[in-house]
Amino acid sequence: MEGMKVYNLKLGMWVFLLSEVMFFSSLIGAYIILRFAHPEQWAEPNHVLNVPLTGFNTFMLICSSVTMVKAFAAIEHGDQAGLRKWLIATIILGAAFVGIQVYEYIKLAGHGFVPVAASYAAEGGPLYGTTFYTMTGFHGAHVTIGVLALIFTAVKAFRGKYSATDYGGVEIMGLYWHFVDLVWIILFTIVYLI
Amino acid sequence: MSTVPIEVGHPSVQHWAEPGHADDRSFLRKYVFSTDHKVIGCQFLFMSLFFLLVGGALAMFIRWQLGWPGTPVPGGAFLGEAKAPGGIILPEFYNSLVTMHGTFMIFFAIMPLLVGVFGNWLIPLHVGAADMAFPRLNMASFWTAVPAGLIMLASFFVTGGASAAGWTSYAPLSAVPEYSGVYMGQKLWCISLIVLGFASLMGAVNYITTIVNMRAPGMTWMRLPLPIWALFITAILVLLAIPVLTGALIMLLFDQTIGTTFFLPPDGGQPLMWQHLFWYFGHPEVYILILPAMGIASEVLSNGSRKPIFGYRFMVYAIVAIAFLGWIVWGHHMFQSGMNPYLGATFMTSTMIIAVPSAIKVFNWLGTLYRGNIHFHTPMLNAIAFVAMFVIGGLSGVFMASTPVDIYIHDTYFIVAHIHYVLFGGSLFAIFAGIYFWYPKFFGRMMNPVLGKIHFVLTFVFYNLVFFPMHNLGLDGMMRRIYDPNQYEFLQPLQPMNTLISVSALLLGAAQLIFMFNFLWSLRRGKKAPSNPWNANSLEWTLPSPPPHGNFATMPTVYRGPYEYSSPGRDVDYWPQSEPPDGRRGGGREGVRA
């Protein structure tokens, strides 16, 4: 058969991730345009946001990418126990990331930093809240979907559905997870650092 | 991971149907929740023809109001007192009509007809595969598109009516309900298109994977039939453009519902940003709506001329060039929006460059026809009409791309004439060509050729009577989306032309009933279709009509390109792609129909 030396599922995931790039580009592009148009509506990030806590959260998400790689490396060698162990670790780290983000949202909303323009009461202006919650919120939704997909993958792993010759499901899970991680590194930089 | 052999992970090995193996799927699995690409293609066909009918009906209301302003629509009582008291269309409802006509036609009729129907029908058969790469994802794609359409339809019946901000939904008109008087309808509009975006995305992932990875042995890139090249590039456009629309729609929906301020000026939002995001999607969308039509026309023109397509490689390169240029021209929709005028010159130049690959395609089609042994069957007539109408629409596009001209004609009926020359005269004629051409393959019956020709002639004549005078209306200053042009003294002399257009439009609509009748009648009563009624070369014509579940009995091998017509030294004027050079019958030539 003519074709690339990549199996369908993996090619499909790469193609899907390309569209995800475009989706996040539209949100990030809107953020950049609005911030350049109205710099006065933004504040020093550490005046409003909890940068150290989110920094720690970022570290955790990067660690979860490492555990995901470990899970993939394990099943590549047929190591079922290693696959399960590292998948569980990835799930815990991913869920913790979402948990901390929700905690941060609640804290921020308490200080008047909200997405609703009419009731915005923090430093800066309503565009700050509008863009912050939309971008981090859609990333958070992607992590949440990722955690659910990881749980699905883990259930299959515990049933022994993967092997050294059939690990496509783990590999594409990893691709998605690394992508979500990468998006967060960009978002963290433009939202929390500059 | 380049060392991973192809079998590892998820096996991409195809399951070929065993000859004589009875199809034991239940009715629900076979016709409703089917994973068979051919059935899904037919499902998309019925869905989008339904929405074509809805969009067409809305156009009839629009034309009634413009032809006979302020008079009751015949039988308009059912519209209700809120929309049309005494059958007279209210201005607010007219805005909804214009918006929803565009929305249904673009998103729920032409786009699924081209991408959903022909993508599903043709891709696996043309590349020589048993089905799509992800059949279940394919099924999910259709069953996501259906609720999206139902949500859009439902918006007519909520308080405040359907969206009235135009199919482009410019903010802040679309973001503030008080401006348009539409509340729930505008939100449903956003939600429906977000849902439809998922359906398109699933389709695009499937198409790209299938075309890249599942081509039969010998089906090299330069032996792919042109519809597949067009659909491949279109799928890439869908993949990359639709998420941008989704992002913009989500921001708009948030502005409407939770009170964010992306597009609302009082708090620093940027209305112009909506236009940039929308047209960054919107211009590639234009090519999503025309590239597959070009592919279909190429296939039919070569077949009907009994000649190889002229300049196959350049046809491919032109598709790629058009798609690439399509990404850097979106600003030509915004010359009058207040964006930086220097940008206008840039977008004018890039837009005019698109005329080059488009002209390559047109001259190649003419080169294909030149000295051909032309068979004027119904698909061929429609394909020839496609070329002619596309030239008119394409040329008026060059007018509008020129910024000084656009200052004069922007937002007039000239624009309306242009879009209909490419979308109706272009896309829809190619769709008719495609349906007449492949109907026998998928329904096992021929459509009636006499009715087909009557339908073609009436459509062609009335279509031109409707849309050609619109150029003049635009040059005389009639604004698009205007409810009653007679409110301006300088537009009052245009009323006779508007009435002529409306009469023609009603007749154009009526002519489509012939197509409807032919389509439905032929399903049961049409002449039984042979496996290759058009003496065509591509792989699907080696199979019985309709092809069985699983398509090919054995994996076909491809020996040549799809346009080897009238080759010297052969006793027939066609040469199937899978026929071995020495004349032996190749694998996959005989289907498994018991």
# chains A, B, ... in the order shown; residues from 1 in each chain; ligands from 1

call {"tool": "residues_around", "arguments": {"residues": "stretch 271-282 of chain B", "least_positions_apart": "5", "cutoff": "10 Å", "atoms": "only C-alpha atoms", "output": "PyMOL selection string"}}
result
(chain A and resi 26-27+29-30+33-34) or (chain B and resi 168-173+175+237-238+240-249+251-252+262-265+287-288+326-334+337-339)

call {"tool": "write_last_selection", "arguments": {"atoms": "N, CA and C atoms", "output": "short mmCIF file (atom, residue, chain, number, x, y, z; two decimals), in the first residue's frame"}}
result
data_model
loop_
_atom_site.label_atom_id
_atom_site.label_comp_id
_atom_site.auth_asym_id
_atom_site.auth_seq_id
_atom_site.Cartn_x
_atom_site.Cartn_y
_atom_site.Cartn_z
N SER A 26 -5.92 31.29 17.50
CA SER A 26 -6.96 32.33 17.43
C SER A 26 -7.12 32.99 18.80
N LEU A 27 -7.09 32.20 19.88
CA LEU A 27 -7.24 32.78 21.22
C LEU A 27 -6.02 33.62 21.57
N GLY A 29 -3.83 34.93 19.52
CA GLY A 29 -3.77 36.09 18.62
C GLY A 29 -4.69 37.20 19.12
N ALA A 30 -5.90 36.83 19.53
CA ALA A 30 -6.84 37.83 20.06
C ALA A 30 -6.24 38.50 21.30
N ILE A 33 -3.55 41.00 20.25
CA ILE A 33 -4.14 42.22 19.65
C ILE A 33 -4.73 43.11 20.73
N LEU A 34 -5.52 42.50 21.62
CA LEU A 34 -6.19 43.31 22.65
C LEU A 34 -5.17 43.93 23.60
N THR B 168 -22.08 36.85 8.19
CA THR B 168 -20.75 37.19 8.71
C THR B 168 -20.80 37.61 10.17
N SER B 169 -22.00 37.85 10.69
CA SER B 169 -22.20 38.14 12.12
C SER B 169 -21.25 39.19 12.67
N TYR B 170 -21.15 40.32 12.01
CA TYR B 170 -20.21 41.33 12.47
C TYR B 170 -20.56 41.82 13.87
N ALA B 171 -19.56 41.85 14.74
CA ALA B 171 -19.72 42.45 16.06
C ALA B 171 -19.52 43.96 15.88
N PRO B 172 -20.10 44.80 16.74
CA PRO B 172 -20.92 44.45 17.91
C PRO B 172 -22.39 44.18 17.60
N LEU B 173 -22.82 44.33 16.33
CA LEU B 173 -24.23 44.06 16.01
C LEU B 173 -24.65 42.68 16.52
N ALA B 175 -23.08 40.93 18.84
CA ALA B 175 -22.72 40.67 20.23
C ALA B 175 -23.71 41.28 21.21
N LEU B 237 -7.50 22.80 4.31
CA LEU B 237 -8.09 24.12 4.59
C LEU B 237 -9.12 24.03 5.71
N VAL B 238 -9.98 23.00 5.65
CA VAL B 238 -10.98 22.83 6.71
C VAL B 238 -10.28 22.66 8.05
N LEU B 240 -7.45 23.66 9.11
CA LEU B 240 -6.76 24.82 9.66
C LEU B 240 -7.65 26.06 9.79
N ALA B 241 -8.71 26.15 9.00
CA ALA B 241 -9.54 27.36 9.03
C ALA B 241 -10.66 27.26 10.04
N ILE B 242 -11.30 26.09 10.12
CA ILE B 242 -12.47 25.95 10.98
C ILE B 242 -12.14 26.24 12.46
N PRO B 243 -10.99 25.78 12.99
CA PRO B 243 -10.70 26.08 14.40
C PRO B 243 -10.62 27.57 14.69
N VAL B 244 -10.20 28.36 13.70
CA VAL B 244 -10.13 29.81 13.91
C VAL B 244 -11.54 30.36 14.04
N LEU B 245 -12.46 29.88 13.19
CA LEU B 245 -13.86 30.29 13.32
C LEU B 245 -14.40 29.86 14.68
N THR B 246 -14.08 28.62 15.09
CA THR B 246 -14.56 28.14 16.38
C THR B 246 -14.07 29.05 17.49
N GLY B 247 -12.79 29.42 17.46
CA GLY B 247 -12.26 30.33 18.48
C GLY B 247 -13.01 31.65 18.49
N ALA B 248 -13.24 32.21 17.30
CA ALA B 248 -13.94 33.49 17.21
C ALA B 248 -15.38 33.35 17.70
N LEU B 249 -16.05 32.24 17.32
CA LEU B 249 -17.44 32.03 17.74
C LEU B 249 -17.53 31.90 19.25
N MET B 251 -15.53 33.28 21.45
CA MET B 251 -15.38 34.62 22.03
C MET B 251 -16.68 35.40 21.88
N LEU B 252 -17.31 35.30 20.71
CA LEU B 252 -18.58 36.01 20.47
C LEU B 252 -19.66 35.50 21.42
N PHE B 262 -14.67 40.92 24.37
CA PHE B 262 -13.73 40.79 23.26
C PHE B 262 -14.02 41.78 22.14
N PHE B 263 -15.31 41.93 21.82
CA PHE B 263 -15.65 42.71 20.62
C PHE B 263 -16.47 43.97 20.94
N LEU B 264 -16.56 44.32 22.23
CA LEU B 264 -17.42 45.44 22.60
C LEU B 264 -16.59 46.67 22.92
N PRO B 265 -16.71 47.71 22.12
CA PRO B 265 -15.84 48.88 22.27
C PRO B 265 -15.90 49.58 23.65
N TYR B 287 -12.53 28.88 -0.68
CA TYR B 287 -11.87 27.85 -1.49
C TYR B 287 -12.29 26.46 -1.09
N ILE B 288 -12.72 26.29 0.18
CA ILE B 288 -13.33 25.02 0.57
C ILE B 288 -14.56 24.79 -0.30
N GLY B 326 -4.98 31.54 -0.75
CA GLY B 326 -6.22 31.79 -0.03
C GLY B 326 -6.03 32.22 1.41
N TRP B 327 -4.86 31.91 1.97
CA TRP B 327 -4.60 32.28 3.37
C TRP B 327 -4.15 33.72 3.53
N ILE B 328 -3.72 34.37 2.47
CA ILE B 328 -3.11 35.69 2.65
C ILE B 328 -3.91 36.77 1.92
N VAL B 329 -5.21 36.56 1.77
CA VAL B 329 -6.01 37.53 1.03
C VAL B 329 -7.24 38.00 1.83
N TRP B 330 -7.36 37.56 3.10
CA TRP B 330 -8.63 37.79 3.78
C TRP B 330 -8.98 39.28 3.90
N GLY B 331 -7.95 40.13 3.89
CA GLY B 331 -8.21 41.56 4.06
C GLY B 331 -9.01 42.18 2.92
N HIS B 332 -9.14 41.47 1.78
CA HIS B 332 -9.90 42.08 0.68
C HIS B 332 -11.40 42.12 0.97
N HIS B 333 -11.81 41.45 2.06
CA HIS B 333 -13.20 41.60 2.49
C HIS B 333 -13.37 42.84 3.37
N MET B 334 -12.24 43.51 3.68
CA MET B 334 -12.26 44.54 4.73
C MET B 334 -11.70 45.87 4.24
N SER B 337 -13.35 48.63 5.98
CA SER B 337 -13.66 48.41 7.39
C SER B 337 -12.97 49.41 8.30
N GLY B 338 -12.04 50.18 7.76
CA GLY B 338 -11.29 51.09 8.61
C GLY B 338 -9.94 50.54 9.01
N MET B 339 -9.55 49.40 8.43
CA MET B 339 -8.20 48.90 8.72
C MET B 339 -7.19 49.78 7.98
#

call {"tool": "select_by_dssp", "arguments": {"residues": "stretch 248-287 of chain B", "states": "alpha helix (DSSP H)", "output": "JSON, numbers by chain"}}
result
{"B": [248, 249, 250, 251, 252, 253, 254, 255, 256, 257, 271, 272, 273, 274, 275, 276, 277, 278, 279, 280, 281, 282, 283, 284, 285, 286, 287]}

call {"tool": "write_last_selection", "arguments": {"atoms": "N, CA and C atoms", "output": "compact mmCIF listing (two decimals), in the first residue's frame"}}
result
# COMPACT_ATOMS: atom_id res chain seq x y z
N ALA B 248 -13.24 32.21 17.30
CA ALA B 248 -13.94 33.49 17.21
C ALA B 248 -15.38 33.35 17.70
N LEU B 249 -16.05 32.24 17.32
CA LEU B 249 -17.44 32.03 17.74
C LEU B 249 -17.53 31.90 19.25
N ILE B 250 -16.54 31.24 19.84
CA ILE B 250 -16.56 31.08 21.30
C ILE B 250 -16.42 32.44 21.97
N MET B 251 -15.53 33.28 21.45
CA MET B 251 -15.38 34.62 22.03
C MET B 251 -16.68 35.40 21.88
N LEU B 252 -17.31 35.30 20.71
CA LEU B 252 -18.58 36.01 20.47
C LEU B 252 -19.66 35.50 21.42
N LEU B 253 -19.71 34.17 21.57
CA LEU B 253 -20.71 33.57 22.46
C LEU B 253 -20.48 34.03 23.89
N PHE B 254 -19.22 34.12 24.31
CA PHE B 254 -18.91 34.59 25.66
C PHE B 254 -19.33 36.04 25.84
N ASP B 255 -19.11 36.84 24.80
CA ASP B 255 -19.55 38.24 24.87
C ASP B 255 -21.06 38.32 25.07
N GLN B 256 -21.78 37.41 24.40
CA GLN B 256 -23.25 37.44 24.49
C GLN B 256 -23.77 36.88 25.80
N THR B 257 -23.06 35.88 26.34
CA THR B 257 -23.64 35.16 27.47
C THR B 257 -23.01 35.54 28.81
N PRO B 271 -14.06 45.48 17.63
CA PRO B 271 -14.94 44.92 16.59
C PRO B 271 -14.17 44.49 15.34
N LEU B 272 -13.13 45.23 15.01
CA LEU B 272 -12.36 44.90 13.81
C LEU B 272 -11.70 43.53 13.95
N MET B 273 -11.40 43.15 15.20
CA MET B 273 -10.77 41.85 15.43
C MET B 273 -11.71 40.72 14.99
N TRP B 274 -13.03 40.90 15.21
CA TRP B 274 -13.97 39.88 14.73
C TRP B 274 -13.84 39.72 13.23
N GLN B 275 -13.77 40.85 12.53
CA GLN B 275 -13.69 40.77 11.08
C GLN B 275 -12.41 40.07 10.64
N HIS B 276 -11.31 40.37 11.31
CA HIS B 276 -10.05 39.70 10.95
C HIS B 276 -10.14 38.20 11.20
N LEU B 277 -10.63 37.82 12.39
CA LEU B 277 -10.74 36.39 12.70
C LEU B 277 -11.71 35.72 11.75
N PHE B 278 -12.86 36.38 11.52
CA PHE B 278 -13.88 35.76 10.68
C PHE B 278 -13.36 35.54 9.27
N TRP B 279 -12.72 36.56 8.72
CA TRP B 279 -12.28 36.42 7.33
C TRP B 279 -11.00 35.61 7.21
N TYR B 280 -10.26 35.51 8.29
CA TYR B 280 -9.11 34.61 8.25
C TYR B 280 -9.60 33.17 8.06
N PHE B 281 -10.77 32.88 8.65
CA PHE B 281 -11.45 31.63 8.33
C PHE B 281 -12.18 31.76 6.99
N GLY B 282 -12.85 32.89 6.79
CA GLY B 282 -13.82 33.04 5.72
C GLY B 282 -13.22 32.94 4.34
N HIS B 283 -11.99 33.43 4.17
CA HIS B 283 -11.49 33.31 2.81
C HIS B 283 -11.07 31.90 2.44
N PRO B 284 -10.31 31.20 3.31
CA PRO B 284 -10.10 29.78 2.99
C PRO B 284 -11.42 29.04 2.78
N GLU B 285 -12.46 29.44 3.53
CA GLU B 285 -13.78 28.82 3.35
C GLU B 285 -14.26 28.95 1.91
N VAL B 286 -14.01 30.11 1.30
CA VAL B 286 -14.41 30.31 -0.09
C VAL B 286 -13.79 29.23 -0.97
N TYR B 287 -12.53 28.88 -0.68
CA TYR B 287 -11.87 27.85 -1.49
C TYR B 287 -12.29 26.46 -1.09

call {"tool": "interface_residues", "arguments": {"of": "chain A", "to": "chain B", "cutoff": "7 Å", "atoms": "only C-alpha atoms", "output": "ChimeraX atom specification"}}
result
/A:1-9,11-12,15-16,19,22-23,26-27,38,115-117,126-127,130,165-168

call {"tool": "closest_residue", "arguments": {"among": "B:Tyr342, B:Tyr439, B:Phe314, B:Phe399", "to": "B:Asn364", "atoms": "only C-alpha atoms"}}
result
B:Phe314

call {"tool": "residues_around", "arguments": {"residues": "A:Val191", "least_positions_apart": "4", "cutoff": "9 Å", "atoms": "only C-alpha atoms", "output": "PyMOL selection string"}}
result
chain A and resi 45+132+136+186-187

call {"tool": "write_last_selection", "arguments": {"atoms": "N, CA and C atoms", "output": "PDB file, in the first residue's frame"}}
result
ATOM      1  N   PRO A  45       1.831  41.113  36.306  1.00  0.00           N
ATOM      2  CA  PRO A  45       1.176  39.838  36.613  1.00  0.00           C
ATOM      3  C   PRO A  45       1.146  39.507  38.106  1.00  0.00           C
ATOM      4  N   PHE A 132      -7.806  36.383  30.176  1.00  0.00           N
ATOM      5  CA  PHE A 132      -7.183  35.412  31.082  1.00  0.00           C
ATOM      6  C   PHE A 132      -8.038  34.161  31.224  1.00  0.00           C
ATOM      7  N   THR A 136      -6.853  30.495  29.680  1.00  0.00           N
ATOM      8  CA  THR A 136      -6.497  29.448  30.649  1.00  0.00           C
ATOM      9  C   THR A 136      -7.650  28.465  30.796  1.00  0.00           C
ATOM     10  N   ILE A 186       3.526  28.064  26.635  1.00  0.00           N
ATOM     11  CA  ILE A 186       3.355  29.329  25.913  1.00  0.00           C
ATOM     12  C   ILE A 186       2.417  30.252  26.697  1.00  0.00           C
ATOM     13  N   LEU A 187       1.294  29.702  27.158  1.00  0.00           N
ATOM     14  CA  LEU A 187       0.324  30.527  27.895  1.00  0.00           C
ATOM     15  C   LEU A 187       0.943  31.073  29.174  1.00  0.00           C
TER      16      LEU A 187
END

call {"tool": "closest_residue", "arguments": {"among": "A:Ser25, A:Thr134, A:Thr54, A:Thr90", "to": "A:Ala149", "atoms": "only C-alpha atoms"}}
result
A:Thr90

call {"tool": "residues_around", "arguments": {"residues": "stretch 66-83 of chain A", "least_positions_apart": "6", "cutoff": "12 Å", "atoms": "only C-alpha atoms", "output": "MDAnalysis selection string"}}
result
(chainID A and resid 59:60 89:94 146:147 150 153:179 181) or (chainID B and resid 1 4 8:9)

call {"tool": "residues_around", "arguments": {"residues": "A:Asn50", "least_positions_apart": "2", "cutoff": "10 Å", "atoms": "only C-alpha atoms", "output": "list in words"}}
result
Pro45, Asn46, His47, Val48, Pro52, Leu53, Thr54, Gly55, Glu104, Lys107, Leu108 and Tyr192 of chain A

call {"tool": "residues_around", "arguments": {"residues": "B:Leu473", "least_positions_apart": "6", "cutoff": "8 Å", "atoms": "only C-alpha atoms", "output": "compact mmCIF listing (two decimals) with C-alpha atoms, in the first residue's frame"}}
result
# COMPACT_ATOMS: atom_id res chain seq x y z
CA THR B 412 -23.79 46.49 -3.13
CA TYR B 413 -25.60 43.91 -5.24
CA PHE B 414 -22.43 43.60 -7.32
CA LEU B 494 -34.50 49.78 -10.46

call {"tool": "atom_distance", "arguments": {"atom1": "atom CA of B:Phe376", "atom2": "atom CA of B:Ile296"}}
result
16.2 Å

call {"tool": "closest_residue", "arguments": {"among": "A:Met13, A:Ile88, A:Cys63, A:Val180", "to": "A:His139", "atoms": "only C-alpha atoms"}}
result
A:Val180

call {"tool": "atom_distance", "arguments": {"atom1": "atom CA of B:Ser174", "atom2": "atom CA of B:Leu150"}}
result
20.7 Å

call {"tool": "decode", "arguments": {"residues": "stretch 143-166 of chain A", "atoms": "N, CA and C atoms", "output": "PDB file, in the first residue's frame"}}
result
ATOM      1  N   VAL A 143      -6.834  19.987  29.428  1.00  0.00           N
ATOM      2  CA  VAL A 143      -6.180  19.113  30.416  1.00  0.00           C
ATOM      3  C   VAL A 143      -7.212  18.160  31.005  1.00  0.00           C
ATOM      4  N   THR A 144      -8.412  18.707  31.299  1.00  0.00           N
ATOM      5  CA  THR A 144      -9.449  17.853  31.889  1.00  0.00           C
ATOM      6  C   THR A 144      -9.805  16.711  30.940  1.00  0.00           C
ATOM      7  N   ILE A 145     -10.009  17.049  29.655  1.00  0.00           N
ATOM      8  CA  ILE A 145     -10.298  16.003  28.668  1.00  0.00           C
ATOM      9  C   ILE A 145      -9.134  15.019  28.613  1.00  0.00           C
ATOM     10  N   GLY A 146      -7.902  15.553  28.713  1.00  0.00           N
ATOM     11  CA  GLY A 146      -6.718  14.699  28.700  1.00  0.00           C
ATOM     12  C   GLY A 146      -6.711  13.731  29.872  1.00  0.00           C
ATOM     13  N   VAL A 147      -7.088  14.229  31.074  1.00  0.00           N
ATOM     14  CA  VAL A 147      -7.107  13.355  32.246  1.00  0.00           C
ATOM     15  C   VAL A 147      -8.154  12.251  32.050  1.00  0.00           C
ATOM     16  N   LEU A 148      -9.325  12.632  31.507  1.00  0.00           N
ATOM     17  CA  LEU A 148     -10.357  11.619  31.271  1.00  0.00           C
ATOM     18  C   LEU A 148      -9.856  10.575  30.263  1.00  0.00           C
ATOM     19  N   ALA A 149      -9.180  11.053  29.219  1.00  0.00           N
ATOM     20  CA  ALA A 149      -8.647  10.120  28.222  1.00  0.00           C
ATOM     21  C   ALA A 149      -7.569   9.235  28.846  1.00  0.00           C
ATOM     22  N   LEU A 150      -6.776   9.824  29.769  1.00  0.00           N
ATOM     23  CA  LEU A 150      -5.742   9.032  30.449  1.00  0.00           C
ATOM     24  C   LEU A 150      -6.381   7.944  31.299  1.00  0.00           C
ATOM     25  N   ILE A 151      -7.493   8.289  31.961  1.00  0.00           N
ATOM     26  CA  ILE A 151      -8.180   7.281  32.783  1.00  0.00           C
ATOM     27  C   ILE A 151      -8.669   6.150  31.892  1.00  0.00           C
ATOM     28  N   PHE A 152      -9.232   6.528  30.742  1.00  0.00           N
ATOM     29  CA  PHE A 152      -9.683   5.529  29.766  1.00  0.00           C
ATOM     30  C   PHE A 152      -8.513   4.641  29.335  1.00  0.00           C
ATOM     31  N   THR A 153      -7.365   5.296  29.046  1.00  0.00           N
ATOM     32  CA  THR A 153      -6.179   4.539  28.637  1.00  0.00           C
ATOM     33  C   THR A 153      -5.713   3.617  29.765  1.00  0.00           C
ATOM     34  N   ALA A 154      -5.751   4.138  31.005  1.00  0.00           N
ATOM     35  CA  ALA A 154      -5.290   3.337  32.142  1.00  0.00           C
ATOM     36  C   ALA A 154      -6.186   2.123  32.338  1.00  0.00           C
ATOM     37  N   VAL A 155      -7.494   2.325  32.184  1.00  0.00           N
ATOM     38  CA  VAL A 155      -8.413   1.178  32.337  1.00  0.00           C
ATOM     39  C   VAL A 155      -8.055   0.107  31.314  1.00  0.00           C
ATOM     40  N   LYS A 156      -7.803   0.539  30.086  1.00  0.00           N
ATOM     41  CA  LYS A 156      -7.407  -0.435  29.058  1.00  0.00           C
ATOM     42  C   LYS A 156      -6.079  -1.086  29.420  1.00  0.00           C
ATOM     43  N   ALA A 157      -5.167  -0.277  29.988  1.00  0.00           N
ATOM     44  CA  ALA A 157      -3.856  -0.824  30.373  1.00  0.00           C
ATOM     45  C   ALA A 157      -4.022  -1.897  31.447  1.00  0.00           C
ATOM     46  N   PHE A 158      -4.920  -1.629  32.418  1.00  0.00           N
ATOM     47  CA  PHE A 158      -5.120  -2.614  33.484  1.00  0.00           C
ATOM     48  C   PHE A 158      -5.765  -3.877  32.956  1.00  0.00           C
ATOM     49  N   ARG A 159      -6.479  -3.753  31.859  1.00  0.00           N
ATOM     50  CA  ARG A 159      -7.056  -4.955  31.237  1.00  0.00           C
ATOM     51  C   ARG A 159      -6.063  -5.628  30.289  1.00  0.00           C
ATOM     52  N   GLY A 160      -4.860  -5.057  30.215  1.00  0.00           N
ATOM     53  CA  GLY A 160      -3.821  -5.669  29.389  1.00  0.00           C
ATOM     54  C   GLY A 160      -4.051  -5.546  27.901  1.00  0.00           C
ATOM     55  N   LYS A 161      -4.647  -4.426  27.466  1.00  0.00           N
ATOM     56  CA  LYS A 161      -4.968  -4.276  26.046  1.00  0.00           C
ATOM     57  C   LYS A 161      -3.767  -3.803  25.211  1.00  0.00           C
ATOM     58  N   TYR A 162      -2.705  -3.344  25.891  1.00  0.00           N
ATOM     59  CA  TYR A 162      -1.559  -2.859  25.132  1.00  0.00           C
ATOM     60  C   TYR A 162      -0.417  -3.856  25.225  1.00  0.00           C
ATOM     61  N   SER A 163       0.486  -3.822  24.256  1.00  0.00           N
ATOM     62  CA  SER A 163       1.631  -4.731  24.272  1.00  0.00           C
ATOM     63  C   SER A 163       2.780  -4.069  23.528  1.00  0.00           C
ATOM     64  N   ALA A 164       3.921  -4.766  23.477  1.00  0.00           N
ATOM     65  CA  ALA A 164       5.094  -4.209  22.809  1.00  0.00           C
ATOM     66  C   ALA A 164       4.857  -4.049  21.305  1.00  0.00           C
ATOM     67  N   THR A 165       3.845  -4.731  20.768  1.00  0.00           N
ATOM     68  CA  THR A 165       3.567  -4.577  19.342  1.00  0.00           C
ATOM     69  C   THR A 165       2.282  -3.781  19.095  1.00  0.00           C
ATOM     70  N   ASP A 166       1.536  -3.468  20.152  1.00  0.00           N
ATOM     71  CA  ASP A 166       0.287  -2.725  19.981  1.00  0.00           C
ATOM     72  C   ASP A 166       0.193  -1.661  21.063  1.00  0.00           C
TER      73      ASP A 166
END
